[in-house]
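One file, query.cif, carrying mmCIF, C-alpha atoms:
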```cif
data_start
loop_
_atom_site.label_atom_id
_atom_site.label_comp_id
_atom_site.auth_asym_id
_atom_site.auth_seq_id
_atom_site.Cartn_x
_atom_site.Cartn_y
_atom_site.Cartn_z
CA MET A 1 151.26 94.04 119.89
CA PRO A 2 148.65 94.95 117.24
CA ARG A 3 145.92 97.52 117.83
CA ALA A 4 142.25 97.35 116.80
CA PHE A 5 139.80 100.12 115.93
CA LEU A 6 136.05 99.36 115.74
CA ILE A 7 134.30 102.28 114.03
CA VAL A 8 130.49 102.31 113.99
CA MET A 9 128.82 104.40 111.30
CA ASP A 10 125.55 104.67 113.18
CA SER A 11 122.60 103.42 111.06
CA VAL A 12 124.52 102.81 107.80
CA GLY A 13 122.63 99.66 106.79
CA LEU A 14 122.78 97.57 103.62
CA GLY A 15 119.28 96.08 103.59
CA GLY A 16 118.44 92.40 103.38
CA ALA A 17 117.82 91.54 107.04
CA PRO A 18 116.16 88.10 106.97
CA ASP A 19 113.67 89.09 109.68
CA ALA A 20 112.88 92.60 108.39
CA ASP A 21 109.20 91.64 108.01
CA GLU A 22 108.95 91.40 111.81
CA PHE A 23 109.95 95.05 112.37
CA PHE A 24 107.86 98.08 111.46
CA ASN A 25 107.80 101.80 110.76
CA GLU A 26 104.25 102.85 111.55
CA ASP A 27 102.26 100.02 109.86
CA LYS A 28 104.82 99.23 107.17
CA PRO A 29 107.26 96.34 107.64
CA ASP A 30 110.94 97.09 107.07
CA THR A 31 111.11 94.56 104.24
CA GLY A 32 112.99 96.22 101.38
CA ALA A 33 114.58 99.00 103.43
CA ASN A 34 118.17 99.64 102.33
CA THR A 35 119.89 102.75 103.65
CA ILE A 36 122.93 102.83 101.35
CA ALA A 37 121.27 101.54 98.17
CA HIS A 38 118.34 103.95 98.37
CA ILE A 39 120.61 106.92 99.07
CA ALA A 40 122.83 105.94 96.13
CA GLN A 41 119.78 105.62 93.88
CA ALA A 42 118.45 109.01 94.97
CA CYS A 43 121.83 110.62 94.30
CA ALA A 44 122.08 109.03 90.85
CA ASN A 45 118.57 110.26 90.02
CA GLY A 46 119.36 113.85 91.01
CA GLU A 47 117.08 113.64 94.07
CA ALA A 48 119.73 114.47 96.70
CA GLU A 49 121.07 117.83 95.54
CA ASN A 50 120.81 119.89 98.73
CA GLY A 51 124.37 120.86 99.64
CA ARG A 52 125.90 118.24 97.33
CA SER A 53 125.43 117.03 93.77
CA GLY A 54 125.67 114.00 91.52
CA PRO A 55 126.19 110.30 92.20
CA LEU A 56 127.11 109.16 95.69
CA ASN A 57 130.90 109.43 96.01
CA LEU A 58 132.45 107.10 98.62
CA PRO A 59 135.84 106.10 97.17
CA HIS A 60 137.44 104.89 100.43
CA LEU A 61 134.52 102.82 101.72
CA ASP A 62 133.83 101.42 98.27
CA ALA A 63 137.49 100.48 97.79
CA LEU A 64 137.31 98.49 101.04
CA GLY A 65 134.29 96.66 99.63
CA LEU A 66 131.09 98.55 100.50
CA GLY A 67 129.41 97.91 97.14
CA ALA A 68 130.64 94.34 96.96
CA ALA A 69 129.46 93.66 100.51
CA MET A 70 125.93 94.70 99.61
CA GLY A 71 125.77 91.80 97.17
CA HIS A 72 125.83 89.46 100.17
CA ALA A 73 122.71 91.14 101.58
CA THR A 74 120.49 92.08 98.62
CA SER A 75 120.41 92.48 94.85
CA ASP A 76 119.44 96.16 95.16
CA PRO A 77 121.43 98.37 92.77
CA ALA A 78 123.72 100.93 94.37
CA PRO A 79 124.88 103.27 91.59
CA GLY A 80 128.48 104.38 91.93
CA LEU A 81 129.52 101.62 94.35
CA THR A 82 131.26 99.25 91.96
CA ALA A 83 134.93 99.21 93.03
CA GLU A 84 137.02 96.04 93.16
CA PRO A 85 137.39 95.31 96.90
CA MET A 86 140.82 95.90 98.39
CA GLY A 87 139.89 95.18 102.01
CA LEU A 88 138.02 92.74 104.20
CA TYR A 89 134.33 92.91 103.30
CA GLY A 90 131.03 91.26 104.12
CA VAL A 91 127.75 91.84 105.94
CA ALA A 92 126.52 91.05 109.44
CA ALA A 93 123.06 90.04 110.66
CA GLU A 94 121.73 90.75 114.14
CA VAL A 95 119.91 88.23 116.35
CA SER A 96 118.87 90.58 119.20
CA ARG A 97 115.18 91.49 119.11
CA GLY A 98 115.74 95.20 118.68
CA LYS A 99 116.85 97.60 115.97
CA ASP A 100 118.30 100.10 118.42
CA THR A 101 121.60 101.46 119.67
CA PRO A 102 122.23 99.21 122.71
CA SER A 103 121.17 96.02 120.91
CA GLY A 104 123.43 96.65 117.94
CA HIS A 105 126.46 97.83 119.90
CA TRP A 106 126.27 95.17 122.61
CA GLU A 107 126.00 92.43 120.01
CA LEU A 108 128.89 93.86 117.97
CA ALA A 109 130.81 93.76 121.27
CA GLY A 110 130.00 90.06 121.68
CA VAL A 111 126.84 90.12 123.84
CA PRO A 112 123.43 89.62 122.18
CA VAL A 113 120.54 91.05 124.20
CA PRO A 114 118.87 88.20 126.16
CA TRP A 115 115.56 89.99 126.81
CA GLU A 116 112.78 91.88 125.04
CA TRP A 117 113.11 95.65 125.44
CA GLY A 118 110.31 97.67 126.99
CA TYR A 119 108.59 100.39 124.94
CA PHE A 120 106.02 103.08 125.64
CA PRO A 121 102.72 103.13 123.73
CA LYS A 122 102.39 105.66 120.95
CA GLU A 123 99.59 107.56 122.64
CA THR A 124 99.19 110.61 124.85
CA PRO A 125 99.83 110.33 127.72
CA ALA A 126 102.61 107.84 126.98
CA PHE A 127 103.87 107.27 130.53
CA PRO A 128 102.26 105.83 133.67
CA GLU A 129 101.06 108.41 136.16
CA GLU A 130 103.22 106.95 138.94
CA LEU A 131 106.35 107.38 136.80
CA MET A 132 105.52 111.04 136.20
CA ARG A 133 104.97 111.59 139.91
CA GLN A 134 108.34 110.00 140.64
CA VAL A 135 110.09 112.25 138.10
CA ALA A 136 108.48 115.39 139.55
CA ASP A 137 109.19 114.38 143.15
CA THR A 138 112.80 113.43 142.36
CA CYS A 139 113.67 116.88 141.04
CA GLY A 140 111.35 118.87 143.31
CA ALA A 141 109.07 120.09 140.51
CA GLY A 142 105.32 120.46 140.69
CA GLY A 143 104.75 118.27 137.65
CA THR A 144 106.02 117.28 134.21
CA LEU A 145 105.37 118.38 130.64
CA ALA A 146 104.72 116.71 127.25
CA ASN A 147 104.34 113.02 128.21
CA CYS A 148 104.27 111.81 124.61
CA HIS A 149 106.16 110.47 121.61
CA ALA A 150 107.96 113.37 119.96
CA SER A 151 110.95 114.59 118.02
CA GLY A 152 113.55 116.15 120.30
CA THR A 153 113.68 119.42 118.39
CA THR A 154 109.90 119.64 118.05
CA VAL A 155 109.20 118.95 121.71
CA ILE A 156 111.42 121.76 123.00
CA ALA A 157 109.95 124.17 120.44
CA GLU A 158 106.45 123.28 121.66
CA TRP A 159 107.10 123.05 125.39
CA GLY A 160 110.22 125.19 125.99
CA ALA A 161 108.37 128.34 127.00
CA LYS A 162 106.07 126.44 129.38
CA HIS A 163 109.12 124.70 130.83
CA ILE A 164 110.78 128.03 131.65
CA GLU A 165 107.52 129.35 133.13
CA THR A 166 106.85 126.32 135.36
CA GLY A 167 110.25 124.76 135.93
CA TRP A 168 108.78 121.36 135.05
CA PRO A 169 110.90 118.86 133.08
CA ILE A 170 109.85 117.86 129.54
CA CYS A 171 109.39 114.08 129.28
CA TYR A 172 109.08 112.30 125.95
CA THR A 173 110.02 109.11 124.10
CA SER A 174 110.42 107.70 120.60
CA ALA A 175 110.02 104.37 118.85
CA ASP A 176 113.22 103.27 120.62
CA SER A 177 113.33 101.84 124.12
CA VAL A 178 114.11 105.24 125.67
CA PHE A 179 112.85 107.73 128.23
CA GLN A 180 114.07 111.26 127.49
CA ILE A 181 114.03 114.34 129.71
CA ALA A 182 114.66 117.77 128.20
CA ALA A 183 115.45 120.77 130.39
CA HIS A 184 116.98 124.22 129.99
CA GLU A 185 120.63 124.35 131.08
CA GLU A 186 120.21 127.72 132.83
CA HIS A 187 116.59 127.86 134.01
CA PHE A 188 116.45 124.24 135.19
CA GLY A 189 120.18 123.58 135.53
CA LEU A 190 122.39 121.11 133.71
CA GLU A 191 123.65 119.33 136.83
CA ARG A 192 120.11 119.10 138.16
CA LEU A 193 118.96 117.48 134.88
CA LEU A 194 121.82 114.98 134.92
CA LYS A 195 121.13 114.10 138.56
CA LEU A 196 117.43 113.63 137.79
CA CYS A 197 118.18 111.24 134.93
CA GLU A 198 120.72 109.31 137.00
CA ASP A 199 118.30 108.98 139.92
CA ILE A 200 115.31 107.94 137.80
CA ALA A 201 117.26 105.50 135.59
CA PRO A 202 117.00 102.42 137.89
CA THR A 203 113.20 102.62 137.75
CA LEU A 204 113.24 102.68 133.95
CA HIS A 205 115.83 99.93 133.73
CA GLU A 206 113.58 97.67 135.82
CA MET A 207 110.99 98.21 133.07
CA LYS A 208 113.65 97.11 130.53
CA ILE A 209 113.70 100.60 129.03
CA GLY A 210 117.18 100.65 127.52
CA ARG A 211 118.22 104.25 128.12
CA VAL A 212 117.28 107.34 130.07
CA ILE A 213 118.60 110.30 128.09
CA ALA A 214 119.27 113.78 129.43
CA ARG A 215 118.53 116.31 126.65
CA PRO A 216 119.71 119.77 127.76
CA PHE A 217 118.92 122.85 125.67
CA VAL A 218 119.43 126.61 125.70
CA GLY A 219 117.69 129.62 124.18
CA SER A 220 114.52 131.61 124.71
CA PRO A 221 110.92 131.70 123.48
CA GLU A 222 111.76 134.81 121.45
CA GLU A 223 114.90 133.45 119.74
CA GLY A 224 114.08 129.74 119.76
CA PHE A 225 115.61 126.78 121.55
CA THR A 226 118.66 124.68 120.64
CA ARG A 227 119.86 121.39 122.09
CA THR A 228 123.43 121.42 123.39
CA GLY A 229 126.22 118.88 123.23
CA ASN A 230 125.81 117.97 126.92
CA ARG A 231 123.50 115.04 126.27
CA HIS A 232 124.10 112.06 128.54
CA ASP A 233 122.68 108.54 128.24
CA TYR A 234 122.07 106.38 131.30
CA ALA A 235 121.91 102.89 129.80
CA ILE A 236 121.25 99.47 131.24
CA ALA A 237 124.58 97.80 131.82
CA PRO A 238 125.42 94.92 129.44
CA PRO A 239 124.36 91.56 130.91
CA ALA A 240 127.78 89.95 130.34
CA PRO A 241 131.39 91.04 129.72
CA THR A 242 131.95 92.64 126.30
CA ILE A 243 135.02 93.08 124.12
CA CYS A 244 135.78 96.18 126.21
CA ASP A 245 135.93 94.04 129.36
CA TRP A 246 137.94 91.31 127.61
CA ALA A 247 140.51 93.87 126.48
CA LYS A 248 140.74 95.59 129.86
CA ALA A 249 141.09 92.26 131.65
CA GLY A 250 143.91 91.49 129.25
CA GLY A 251 145.75 94.59 130.36
CA ARG A 252 144.99 96.60 127.23
CA ALA A 253 144.10 100.29 127.04
CA VAL A 254 140.47 100.79 125.99
CA TYR A 255 139.37 104.08 124.44
CA ALA A 256 135.78 105.17 123.70
CA VAL A 257 135.06 107.84 121.08
CA GLY A 258 131.51 109.23 120.94
CA LYS A 259 128.63 107.76 122.93
CA ILE A 260 130.29 104.37 123.48
CA GLY A 261 130.91 105.17 127.15
CA ASP A 262 127.20 105.81 127.68
CA ILE A 263 126.10 102.71 125.76
CA PHE A 264 128.33 100.44 127.86
CA SER A 265 127.91 102.30 131.16
CA MET A 266 131.70 102.81 131.09
CA GLN A 267 132.25 99.09 131.74
CA GLY A 268 135.72 98.11 130.59
CA ILE A 269 136.53 101.61 129.30
CA ASP A 270 139.54 103.64 130.40
CA GLU A 271 138.94 106.92 128.58
CA VAL A 272 136.08 108.53 126.67
CA ARG A 273 136.07 111.48 124.26
CA LYS A 274 132.87 113.16 123.08
CA GLY A 275 131.66 115.84 120.68
CA THR A 276 130.02 116.36 117.33
CA ASP A 277 131.02 113.97 114.55
CA ALA A 278 133.54 116.50 113.23
CA VAL A 279 135.11 116.80 116.67
CA LEU A 280 134.96 113.04 117.14
CA PHE A 281 137.00 112.46 114.00
CA ASP A 282 139.67 114.76 115.41
CA HIS A 283 139.52 112.75 118.64
CA LEU A 284 139.82 109.48 116.73
CA CYS A 285 142.90 110.77 114.91
CA ASP A 286 144.42 111.90 118.20
CA VAL A 287 143.76 108.49 119.76
CA MET A 288 145.39 106.78 116.79
CA ASP A 289 148.46 108.91 117.40
CA GLU A 290 148.48 108.26 121.16
CA ALA A 291 147.14 104.74 121.76
CA PRO A 292 149.88 102.29 122.80
CA ASP A 293 150.45 98.90 121.21
CA GLY A 294 147.70 96.41 122.02
CA SER A 295 145.00 99.07 122.47
CA PHE A 296 141.33 98.68 121.57
CA VAL A 297 139.49 101.77 120.32
CA PHE A 298 135.67 101.75 119.96
CA ALA A 299 134.11 104.72 118.13
CA ASN A 300 130.57 105.74 117.21
CA PHE A 301 129.63 108.44 114.71
CA VAL A 302 125.97 109.15 115.45
CA GLU A 303 124.99 112.00 113.15
CA PHE A 304 124.14 109.76 110.18
CA ASP A 305 121.32 108.55 112.40
CA SER A 306 120.40 111.47 114.64
CA LEU A 307 120.55 114.32 112.13
CA TYR A 308 119.61 112.66 108.86
CA GLY A 309 118.14 109.16 109.17
CA HIS A 310 115.38 109.90 111.67
CA ARG A 311 114.60 113.16 109.87
CA ARG A 312 114.39 111.35 106.53
CA ASP A 313 116.90 113.79 105.02
CA VAL A 314 118.39 111.99 102.01
CA SER A 315 120.63 114.85 100.89
CA GLY A 316 121.93 115.37 104.41
CA TYR A 317 122.68 111.67 104.86
CA ALA A 318 124.52 111.58 101.52
CA ARG A 319 126.53 114.68 102.45
CA HIS A 320 127.53 113.14 105.75
CA LEU A 321 128.55 109.87 104.11
CA GLU A 322 130.76 111.75 101.66
CA TRP A 323 132.26 113.86 104.45
CA PHE A 324 133.01 110.76 106.52
CA ASP A 325 134.53 108.92 103.56
CA ALA A 326 136.87 111.84 102.85
CA GLN A 327 138.02 111.81 106.50
CA ILE A 328 139.12 108.18 106.27
CA ALA A 329 142.29 109.30 104.51
CA ARG A 330 143.33 110.91 107.83
CA LEU A 331 143.14 107.50 109.51
CA TYR A 332 145.23 105.81 106.85
CA GLU A 333 147.96 108.40 107.44
CA ARG A 334 148.16 107.25 111.07
CA VAL A 335 147.95 103.48 110.69
CA LYS A 336 150.79 101.52 112.29
CA GLU A 337 151.97 98.10 111.21
CA GLY A 338 149.60 95.49 112.59
CA ASP A 339 146.62 97.86 113.04
CA LEU A 340 143.16 96.59 112.10
CA LEU A 341 140.36 99.06 111.30
CA ILE A 342 136.82 97.67 111.07
CA PHE A 343 134.00 99.90 109.81
CA THR A 344 130.47 98.68 110.53
CA ALA A 345 127.02 99.83 111.74
CA ASP A 346 124.54 98.99 114.49
CA HIS A 347 121.28 98.99 112.46
CA GLY A 348 119.77 100.81 109.48
CA ASN A 349 117.84 104.07 109.19
CA ASP A 350 116.76 104.37 105.57
CA PRO A 351 116.01 108.08 104.97
CA THR A 352 113.70 107.20 102.08
CA TRP A 353 111.52 104.96 104.25
CA THR A 354 108.14 105.51 105.88
CA GLY A 355 108.06 106.88 109.42
CA THR A 356 110.97 108.08 111.53
CA ASP A 357 112.24 104.90 113.21
CA HIS A 358 115.33 102.80 112.53
CA THR A 359 115.04 100.12 109.85
CA ARG A 360 115.94 96.45 110.36
CA GLU A 361 118.86 95.81 107.99
CA MET A 362 122.09 93.90 107.66
CA VAL A 363 125.17 96.05 108.12
CA PRO A 364 128.53 96.30 106.35
CA VAL A 365 131.68 94.83 107.85
CA LEU A 366 134.67 96.45 106.16
CA GLY A 367 138.25 95.98 107.27
CA TYR A 368 141.52 97.76 106.56
CA GLY A 369 144.85 96.15 107.42
CA LEU A 370 144.50 92.58 106.20
CA GLY A 371 144.31 93.04 102.42
CA PRO A 372 141.47 91.70 100.23
CA LYS A 373 139.37 89.21 102.21
CA PRO A 374 135.72 88.34 101.43
CA ILE A 375 133.91 87.07 104.53
CA GLY A 376 130.34 86.82 103.18
CA ARG A 377 127.59 86.81 105.79
CA VAL A 378 128.62 86.82 109.45
CA ALA A 379 126.97 87.53 112.81
CA PHE A 380 127.26 90.79 114.74
CA ALA A 381 128.97 88.91 117.57
CA ASP A 382 131.61 87.62 115.14
CA VAL A 383 133.00 91.17 115.00
CA ALA A 384 134.00 91.02 118.67
CA ALA A 385 135.44 87.53 118.32
CA SER A 386 137.53 88.64 115.35
CA ILE A 387 138.88 91.70 117.14
CA ALA A 388 139.73 89.52 120.12
CA GLU A 389 141.72 87.16 117.89
CA HIS A 390 143.54 90.08 116.30
CA LEU A 391 144.48 91.43 119.73
CA GLY A 392 145.50 88.02 121.04
CA LEU A 393 142.65 87.90 123.56
CA GLU A 394 140.36 85.05 124.52
CA ALA A 395 136.89 85.68 123.13
CA GLN A 396 133.76 84.95 125.17
CA GLY A 397 130.14 84.61 124.02
CA PRO A 398 128.67 83.15 120.82
CA GLY A 399 130.85 84.92 118.22
CA ARG A 400 133.31 83.20 115.89
CA SER A 401 136.27 84.92 114.27
CA PHE A 402 136.16 85.59 110.54
CA LEU A 403 139.87 86.45 110.34
#
```

Hey, can you dump this file as structure tokens for me?
Amino acid sequence: MPRAFLIVMDSVGLGGAPDADEFFNEDKPDTGANTIAHIAQACANGEAENGRSGPLNLPHLDALGLGAAMGHATSDPAPGLTAEPMGLYGVAAEVSRGKDTPSGHWELAGVPVPWEWGYFPKETPAFPEELMRQVADTCGAGGTLANCHASGTTVIAEWGAKHIETGWPICYTSADSVFQIAAHEEHFGLERLLKLCEDIAPTLHEMKIGRVIARPFVGSPEEGFTRTGNRHDYAIAPPAPTICDWAKAGGRAVYAVGKIGDIFSMQGIDEVRKGTDAVLFDHLCDVMDEAPDGSFVFANFVEFDSLYGHRRDVSGYARHLEWFDAQIARLYERVKEGDLLIFTADHGNDPTWTGTDHTREMVPVLGYGLGPKPIGRVAFADVAASIAEHLGLEAQGPGRSFL
């Protein structure tokens, strides 16, 4: 039986979303945002020279059809992405009313989000007083800290010392539908933080807040604070069976690489492997070596988004794209006859754009294993339907196969 690998390059958008004018960064609509094109332009203009140099170099992704796919979304020039496509290529548009992680991943997995997400106002305090009392009471603290919109690194730098002094958890949010709690792994306790987030999550989910995120950190006021790799997301469960459930019900092994297990609340997933993007690529290679025939592997590489997109770091984003592209050769070495690899994204996060939020964009759909195949514009949910067809499974939901 064939295998399928769905690989999400988190936030690698191609612009051109038809409803971009309805989504904003600060007061500016996302109309015209284009993550890949604007990075490529910056590289060509010598404006992304920190840790790399010259035009954007993505030979593997471009050979699959990255540059050609962009032509189905916008007419924006993308210098250096001009290869003749050798793979399946096109772009996908999202219908869910969110430009966030759960919306994009659920819809790629065949389940558009049927509700409007809840968000917290960009003001201080950001959270209702009763929610803060519940957080404090749940973990046995005398109160909470921060209570605002903030960057995760900034908020622990500002509140870390007070957190150690008081033992109170640091609560903050972002433009996403999230509630985040930061706490020191030693002074507060990692297990205590995870238990707090797990216990408080049902309250937030009732508010249609998509994720409660535990953000552990270490360090001291004298030496500074650093977030650790023990982050855990407590997400609302998908409202219907996804491709993971379809595969598991069909008796297939389902592997999650990265934060996929968190995003899908482990529904339909047999095994999850986590780490930094560099570690995750090692995991993905190992899974390719180990996964039996008929397996479905769902991977997310988040650092495009978390380290470079939100921080509007064009050079860093370009470096990470080039690193990722070079790693693809390791996957090709492990491909078995009948394997299908699909590279896509869940939303955009143009590092040249105003603000710090995601950008509403179409995303690439690039496939290895079927030869040259233009698919034009498709829907996010069509990705799940296509993988289901490849695996010989019955698809559910609104998607239609493009194979």

As a check of understanding, name the residues that the PyMOL selection byres ((chain A and resi 202-217) around 6) selects in the supplied structure, as a compact mmCIF listing (two decimals) with C-alpha atoms, in the frame of the given file.
```
# COMPACT_ATOMS: atom_id res chain seq x y z
CA TRP A 117 113.11 95.65 125.44
CA GLY A 118 110.31 97.67 126.99
CA SER A 177 113.33 101.84 124.12
CA VAL A 178 114.11 105.24 125.67
CA PHE A 179 112.85 107.73 128.23
CA GLN A 180 114.07 111.26 127.49
CA ILE A 181 114.03 114.34 129.71
CA ALA A 182 114.66 117.77 128.20
CA ALA A 183 115.45 120.77 130.39
CA HIS A 184 116.98 124.22 129.99
CA GLU A 185 120.63 124.35 131.08
CA ILE A 200 115.31 107.94 137.80
CA ALA A 201 117.26 105.50 135.59
CA VAL A 218 119.43 126.61 125.70
CA THR A 226 118.66 124.68 120.64
CA ARG A 227 119.86 121.39 122.09
CA THR A 228 123.43 121.42 123.39
CA ARG A 231 123.50 115.04 126.27
CA HIS A 232 124.10 112.06 128.54
CA ASP A 233 122.68 108.54 128.24
CA TYR A 234 122.07 106.38 131.30
CA ALA A 235 121.91 102.89 129.80
CA ILE A 236 121.25 99.47 131.24
```

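For Pro398 in chain A, the list of residues within 9 Å, based on all atoms listed in the file and with local chain neighbours fewer than 2 positions off taken out, reads Gly110, Val111, Pro112, Ala381, Asp382, Ala385, Ala395, Gln396 and Arg400 of chain A.
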
Can you list every residue of range 337-371 of chain A that has an atom at most 10 Å from range 286-308 of chain A, with its nearest atom pair and the distance in Å to one decimal, using all atoms listed in the file, ordered by chain then number, as a tab-separated table?
```
residue	atom	partner	partner_atom	distance
A:Gly338	CA	A:Asp293	CA	9.3
A:Asp339	CA	A:Asp293	CA	9.1
A:Leu340	CA	A:Phe296	CA	9.9
A:Leu341	CA	A:Val297	CA	9.5
A:Ile342	CA	A:Phe298	CA	9.8
A:Phe343	CA	A:Ala299	CA	9.6
A:Thr344	CA	A:Asn300	CA	9.7
A:Ala345	CA	A:Asn300	CA	8.8
A:Asp346	CA	A:Asn300	CA	9.5
A:His347	CA	A:Asp305	CA	9.6
A:Gly348	CA	A:Asp305	CA	8.4
A:Asn349	CA	A:Asp305	CA	6.5
A:Asp350	CA	A:Asp305	CA	9.2
A:Pro351	CA	A:Tyr308	CA	7.0
A:Asp357	CA	A:Asp305	CA	9.8
A:His358	CA	A:Asp305	CA	8.3
```

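With distances taken over all atoms listed in the file, A:Ala318 is the one residue among A:Ala318, A:Ala278, A:Leu145, A:Met86 lying closest to Asn57 in chain A.
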
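Considering only C-alpha atoms, the residue among A:Leu64, A:Val363, A:Met132, A:Val383 positioned nearest to Asn147 in chain A is A:Met132.
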
One decimal, in Å: what's the spacing between CA of Val8 in chain A and CA of Ile260 in chain A? 9.7 Å
